[in-house]
>>> print(open('work-v9.pdb').read())   # PDB, C-alpha atoms, pLDDT in the B column
ATOM      1  CA  MET X 690      10.894  20.072   2.600  1.00 47.00           C
ATOM      2  CA  SER X 691       8.387  17.673   4.181  1.00 65.00           C
ATOM      3  CA  ASP X 692       9.473  15.290   6.877  1.00 89.00           C
ATOM      4  CA  ALA X 693       9.174  11.503   6.655  1.00 89.00           C
ATOM      5  CA  LYS X 694       5.999  11.336   8.783  1.00 90.00           C
ATOM      6  CA  ASP X 695       4.205  13.906   6.598  1.00 93.00           C
ATOM      7  CA  GLU X 696       5.162  12.081   3.396  1.00 94.00           C
ATOM      8  CA  ILE X 697       4.030   8.713   4.777  1.00 94.00           C
ATOM      9  CA  GLU X 698       0.693  10.292   5.786  1.00 94.00           C
ATOM     10  CA  GLU X 699       0.391  11.799   2.300  1.00 95.00           C
ATOM     11  CA  LEU X 700       0.844   8.320   0.778  1.00 96.00           C
ATOM     12  CA  LEU X 701      -1.707   6.821   3.184  1.00 95.00           C
ATOM     13  CA  ASN X 702      -4.206   9.581   2.363  1.00 95.00           C
ATOM     14  CA  PHE X 703      -3.723   8.908  -1.364  1.00 96.00           C
ATOM     15  CA  LEU X 704      -3.775   5.087  -1.302  1.00 96.00           C
ATOM     16  CA  LEU X 705      -6.675   4.363   1.075  1.00 95.00           C
ATOM     17  CA  PRO X 706      -9.375   6.377  -0.764  1.00 95.00           C
ATOM     18  CA  VAL X 707      -8.449   4.638  -4.040  1.00 93.00           C
ATOM     19  CA  ALA X 708      -8.913   1.275  -2.295  1.00 94.00           C
ATOM     20  CA  GLU X 709     -12.272   2.427  -0.909  1.00 94.00           C
ATOM     21  CA  GLU X 710     -13.433   3.513  -4.367  1.00 93.00           C
ATOM     22  CA  GLU X 711     -12.384   0.216  -5.993  1.00 92.00           C
ATOM     23  CA  LEU X 712     -13.934  -1.864  -3.213  1.00 93.00           C
ATOM     24  CA  SER X 713     -17.247  -0.005  -3.485  1.00 93.00           C
ATOM     25  CA  LYS X 714     -17.300  -0.504  -7.273  1.00 91.00           C
ATOM     26  CA  ALA X 715     -15.917  -4.027  -7.663  1.00 90.00           C
ATOM     27  CA  GLY X 716     -15.662  -5.547  -4.182  1.00 89.00           C
ATOM     28  CA  GLU X 717     -11.918  -6.072  -4.666  1.00 90.00           C
ATOM     29  CA  PHE X 718      -8.884  -4.491  -6.316  1.00 90.00           C
ATOM     30  CA  TYR X 719      -5.529  -5.312  -7.838  1.00 90.00           C
ATOM     31  CA  PRO X 720      -2.440  -4.079  -5.973  1.00 93.00           C
ATOM     32  CA  TYR X 721      -1.325  -0.557  -6.862  1.00 94.00           C
ATOM     33  CA  ALA X 722       1.318   1.857  -5.628  1.00 95.00           C
ATOM     34  CA  ALA X 723       2.345   5.466  -5.198  1.00 97.00           C
ATOM     35  CA  MET X 724       5.607   7.226  -4.445  1.00 96.00           C
ATOM     36  CA  VAL X 725       6.940  10.560  -3.333  1.00 96.00           C
ATOM     37  CA  ALA X 726       9.556  11.586  -5.893  1.00 95.00           C
ATOM     38  CA  ALA X 727      12.851  13.208  -4.898  1.00 93.00           C
ATOM     39  CA  ASP X 728      11.301  16.603  -5.737  1.00 94.00           C
ATOM     40  CA  GLY X 729       8.435  15.934  -3.275  1.00 92.00           C
ATOM     41  CA  GLU X 730       5.747  15.242  -5.887  1.00 94.00           C
ATOM     42  CA  LEU X 731       3.297  12.415  -5.160  1.00 95.00           C
ATOM     43  CA  LYS X 732       2.895  10.103  -8.158  1.00 94.00           C
ATOM     44  CA  ALA X 733       0.958   6.926  -8.904  1.00 92.00           C
ATOM     45  CA  VAL X 734       3.054   3.929  -9.943  1.00 87.00           C
ATOM     46  CA  SER X 735       1.974   1.318 -12.436  1.00 74.00           C
ATOM     47  CA  ALA X 736       3.483  -2.066 -13.139  1.00 66.00           C
ATOM     48  CA  ALA X 737       3.263  -3.501 -16.618  1.00 60.00           C
ATOM     49  CA  ALA X 738       0.989  -6.530 -16.544  1.00 57.00           C
ATOM     50  CA  GLY X 739      -1.408  -8.453 -18.693  1.00 59.00           C
ATOM     51  CA  GLU X 740      -5.150  -7.942 -18.779  1.00 67.00           C
ATOM     52  CA  GLU X 741      -5.752 -10.201 -15.772  1.00 70.00           C
ATOM     53  CA  PRO X 742      -2.408 -10.321 -13.958  1.00 74.00           C
ATOM     54  CA  GLU X 743      -1.659 -12.650 -11.099  1.00 84.00           C
ATOM     55  CA  VAL X 744      -1.746 -10.660  -7.857  1.00 85.00           C
ATOM     56  CA  ALA X 745       1.588 -12.124  -6.684  1.00 86.00           C
ATOM     57  CA  ASP X 746       3.282 -11.169  -9.972  1.00 87.00           C
ATOM     58  CA  LEU X 747       1.894  -7.654  -9.743  1.00 89.00           C
ATOM     59  CA  LEU X 748       3.171  -7.242  -6.169  1.00 91.00           C
ATOM     60  CA  VAL X 749       6.642  -8.459  -7.181  1.00 90.00           C
ATOM     61  CA  ALA X 750       6.694  -6.046 -10.140  1.00 90.00           C
ATOM     62  CA  LEU X 751       5.621  -3.086  -7.959  1.00 93.00           C
ATOM     63  CA  HIS X 752       8.273  -3.886  -5.329  1.00 93.00           C
ATOM     64  CA  GLU X 753      10.974  -4.248  -8.002  1.00 92.00           C
ATOM     65  CA  GLU X 754      10.031  -0.957  -9.696  1.00 92.00           C
ATOM     66  CA  LEU X 755      10.036   0.949  -6.408  1.00 94.00           C
ATOM     67  CA  ARG X 756      13.318  -0.629  -5.237  1.00 94.00           C
ATOM     68  CA  VAL X 757      15.053   0.401  -8.467  1.00 94.00           C
ATOM     69  CA  GLN X 758      13.838   3.982  -8.026  1.00 94.00           C
ATOM     70  CA  ALA X 759      14.777   3.978  -4.324  1.00 94.00           C
ATOM     71  CA  ALA X 760      18.284   2.686  -5.122  1.00 94.00           C
ATOM     72  CA  ASP X 761      18.931   5.436  -7.670  1.00 94.00           C
ATOM     73  CA  GLY X 762      17.583   8.154  -5.347  1.00 93.00           C
ATOM     74  CA  SER X 763      14.662   9.203  -7.528  1.00 95.00           C
ATOM     75  CA  ILE X 764      12.075   8.600  -4.771  1.00 96.00           C
ATOM     76  CA  ARG X 765      11.910   9.427  -1.068  1.00 95.00           C
ATOM     77  CA  ALA X 766       8.893   7.357  -0.046  1.00 96.00           C
ATOM     78  CA  SER X 767       6.722   4.566  -1.379  1.00 97.00           C
ATOM     79  CA  GLY X 768       3.439   2.849  -0.661  1.00 97.00           C
ATOM     80  CA  ILE X 769       1.818  -0.308  -2.029  1.00 96.00           C
ATOM     81  CA  ALA X 770      -1.838  -1.172  -1.425  1.00 96.00           C
ATOM     82  CA  ALA X 771      -3.235  -4.708  -1.646  1.00 95.00           C
ATOM     83  CA  ASP X 772      -6.528  -6.440  -0.875  1.00 95.00           C
ATOM     84  CA  VAL X 773      -5.733  -9.173   1.671  1.00 95.00           C
ATOM     85  CA  THR X 774      -7.412 -11.613   4.037  1.00 94.00           C
ATOM     86  CA  LEU X 775      -6.235 -11.660   7.646  1.00 91.00           C
ATOM     87  CA  THR X 776      -6.625 -14.743   9.830  1.00 89.00           C
ATOM     88  CA  ASP X 777      -6.888 -14.459  13.607  1.00 84.00           C
ATOM     89  CA  PRO X 778      -4.286 -16.923  14.953  1.00 85.00           C
ATOM     90  CA  ASP X 779      -6.429 -17.706  18.018  1.00 88.00           C
ATOM     91  CA  SER X 780      -9.919 -18.090  16.547  1.00 91.00           C
ATOM     92  CA  GLY X 781      -9.090 -18.871  12.922  1.00 90.00           C
ATOM     93  CA  GLU X 782     -11.642 -16.245  11.837  1.00 92.00           C
ATOM     94  CA  THR X 783     -10.838 -14.371   8.649  1.00 94.00           C
ATOM     95  CA  THR X 784     -11.270 -10.674   7.901  1.00 93.00           C
ATOM     96  CA  ASP X 785     -10.851  -8.755   4.654  1.00 95.00           C
ATOM     97  CA  ALA X 786      -8.395  -5.868   4.913  1.00 96.00           C
ATOM     98  CA  VAL X 787      -6.524  -3.286   2.906  1.00 97.00           C
ATOM     99  CA  GLN X 788      -2.789  -3.754   3.417  1.00 96.00           C
ATOM    100  CA  LEU X 789      -0.648  -0.649   2.969  1.00 96.00           C
ATOM    101  CA  GLU X 790       3.112  -1.177   2.802  1.00 96.00           C
ATOM    102  CA  LEU X 791       4.669   2.217   3.519  1.00 96.00           C
ATOM    103  CA  ASP X 792       8.378   2.991   3.446  1.00 96.00           C
ATOM    104  CA  HIS X 793      10.555   6.112   3.556  1.00 95.00           C
ATOM    105  CA  ALA X 794      14.245   6.725   2.891  1.00 94.00           C
ATOM    106  CA  GLU X 795      14.539   8.356   6.326  1.00 93.00           C
ATOM    107  CA  GLY X 796      12.403   5.974   8.361  1.00 89.00           C
ATOM    108  CA  ASP X 797      11.519   2.378   9.088  1.00 90.00           C
ATOM    109  CA  PRO X 798       9.047   0.536   6.858  1.00 94.00           C
ATOM    110  CA  VAL X 799       5.564  -0.033   8.284  1.00 94.00           C
ATOM    111  CA  ASP X 800       2.678  -2.227   7.198  1.00 95.00           C
ATOM    112  CA  ILE X 801      -0.795  -0.927   7.981  1.00 95.00           C
ATOM    113  CA  TYR X 802      -3.840  -3.192   7.864  1.00 95.00           C
ATOM    114  CA  VAL X 803      -7.301  -1.642   7.649  1.00 96.00           C
ATOM    115  CA  PRO X 804     -10.049  -4.260   8.101  1.00 96.00           C
ATOM    116  CA  TYR X 805     -13.172  -3.643   6.050  1.00 96.00           C
ATOM    117  CA  GLU X 806     -16.553  -5.012   5.193  1.00 93.00           C
ATOM    118  CA  THR X 807     -18.714  -4.171   2.228  1.00 89.00           C
ATOM    119  CA  VAL X 808     -22.451  -3.674   2.547  1.00 87.00           C
ATOM    120  CA  GLY X 809     -23.896  -3.152  -0.905  1.00 82.00           C
ATOM    121  CA  ASN X 810     -21.773  -0.426  -2.477  1.00 83.00           C
ATOM    122  CA  GLU X 811     -20.660   0.941   0.892  1.00 91.00           C
ATOM    123  CA  VAL X 812     -17.297   0.125   2.449  1.00 93.00           C
ATOM    124  CA  LYS X 813     -16.976   0.252   6.229  1.00 95.00           C
ATOM    125  CA  PHE X 814     -13.424   0.404   7.543  1.00 95.00           C
ATOM    126  CA  GLY X 815     -12.433  -0.889  10.960  1.00 94.00           C
ATOM    127  CA  GLU X 816      -9.620   0.228  13.206  1.00 93.00           C
ATOM    128  CA  LEU X 817      -6.213   0.218  11.555  1.00 91.00           C
ATOM    129  CA  VAL X 818      -3.448  -2.026  12.849  1.00 91.00           C
ATOM    130  CA  THR X 819       0.261  -1.360  12.312  1.00 92.00           C
ATOM    131  CA  ALA X 820       3.158  -3.803  12.111  1.00 91.00           C
ATOM    132  CA  ALA X 821       6.838  -3.631  11.205  1.00 90.00           C
ATOM    133  CA  GLY X 822       7.273  -3.558   7.439  1.00 89.00           C
ATOM    134  CA  ARG X 823       8.183  -6.973   6.010  1.00 89.00           C
ATOM    135  CA  GLU X 824       9.142  -5.958   2.451  1.00 87.00           C
ATOM    136  CA  PRO X 825      11.241  -2.769   2.681  1.00 90.00           C
ATOM    137  CA  VAL X 826      11.753  -0.782  -0.497  1.00 93.00           C
ATOM    138  CA  PHE X 827      14.642   1.268   0.831  1.00 91.00           C
ATOM    139  CA  SER X 828      17.841  -0.597   1.704  1.00 75.00           C
ATOM    140  CA  SER X 829      19.111  -0.029   5.224  1.00 55.00           C
ATOM    141  CA  ALA X 830      22.689  -0.446   3.986  1.00 41.00           C
ATOM    142  CA  GLU X 831      23.980   2.991   3.029  1.00 41.00           C
TER
END
>>> encode(input="work-v9.pdb", output="structure tokens")
Amino acid sequence: MSDAKDEIEELLNFLLPVAEEELSKAGEFYPYAAMVAADGELKAVSAAAGEEPEVADLLVALHEELRVQAADGSIRASGIAADVTLTDPDSGETTDAVQLELDHAEGDPVDIYVPYETVGNEVKFGELVTAAGREPVFSSAE
């Protein structure tokens, strides 16, 4: 059985390359998710949405789907990727970034931000920044 750190890294290594591929093709992407099922299998997660869904609605639907599965014990870990804009509180400068919300049944949620810039079809990632997860999928009340 994998430990929480390994499963979170597995999610990160699945989610970030998909973001890179979408950014190089389209310059942006809709939020998407993945999970580690109770049996240890990594699976992509989709949320039912219209042809051009609102990003906020898609994020809510992904969180709800993952929380239901976390509550019934069918998943051990989850990750949601979104294309975001970060603003430096001091300078006011903005930076595009991939936000990865990672959570595990046996660990604390973490948000990872990976700044990026696109040059033609190439995506250049900056140094990743971590923060405490703000939208946990797994309830701490057990």
>>> resolve_selection(input="work-v9.pdb", expression="the PyMOL selection byres ((chain X and resi 787) around 12)", output="number ranges by chain")
X: 701, 704-709, 711-712, 716-721, 769-775, 784-786, 788-790, 800-806, 812-819
>>> residues_near_point(input="work-v9.pdb", point="(14.5, -0.8, -5.9)", cutoff="12 Å", atoms="all atoms listed in the file", output="number ranges by chain")
X: 749-767, 792, 794, 824-828
>>> residues_around(input="work-v9.pdb", residues="Leu731 of chain X", least_positions_apart="3", cutoff="9 Å", atoms="only C-alpha atoms", output="PyMOL selection string")
chain X and resi 696+699-700+703+723-726
>>> residues_near_point(input="work-v9.pdb", point="(6.7, 13.8, 6.2)", cutoff="10 Å", atoms="all atoms listed in the file", output="VMD selection string")
chain X and resid 690 to 700 729 765 to 766 793 795 to 796
>>> atom_distance(input="work-v9.pdb", atom1="atom CA of Val734 of chain X", atom2="atom CA of Ala722 of chain X")
5.1 Å
>>> atom_distance(input="work-v9.pdb", atom1="atom CA of Arg823 of chain X", atom2="atom CA of Val799 of chain X")
7.8 Å
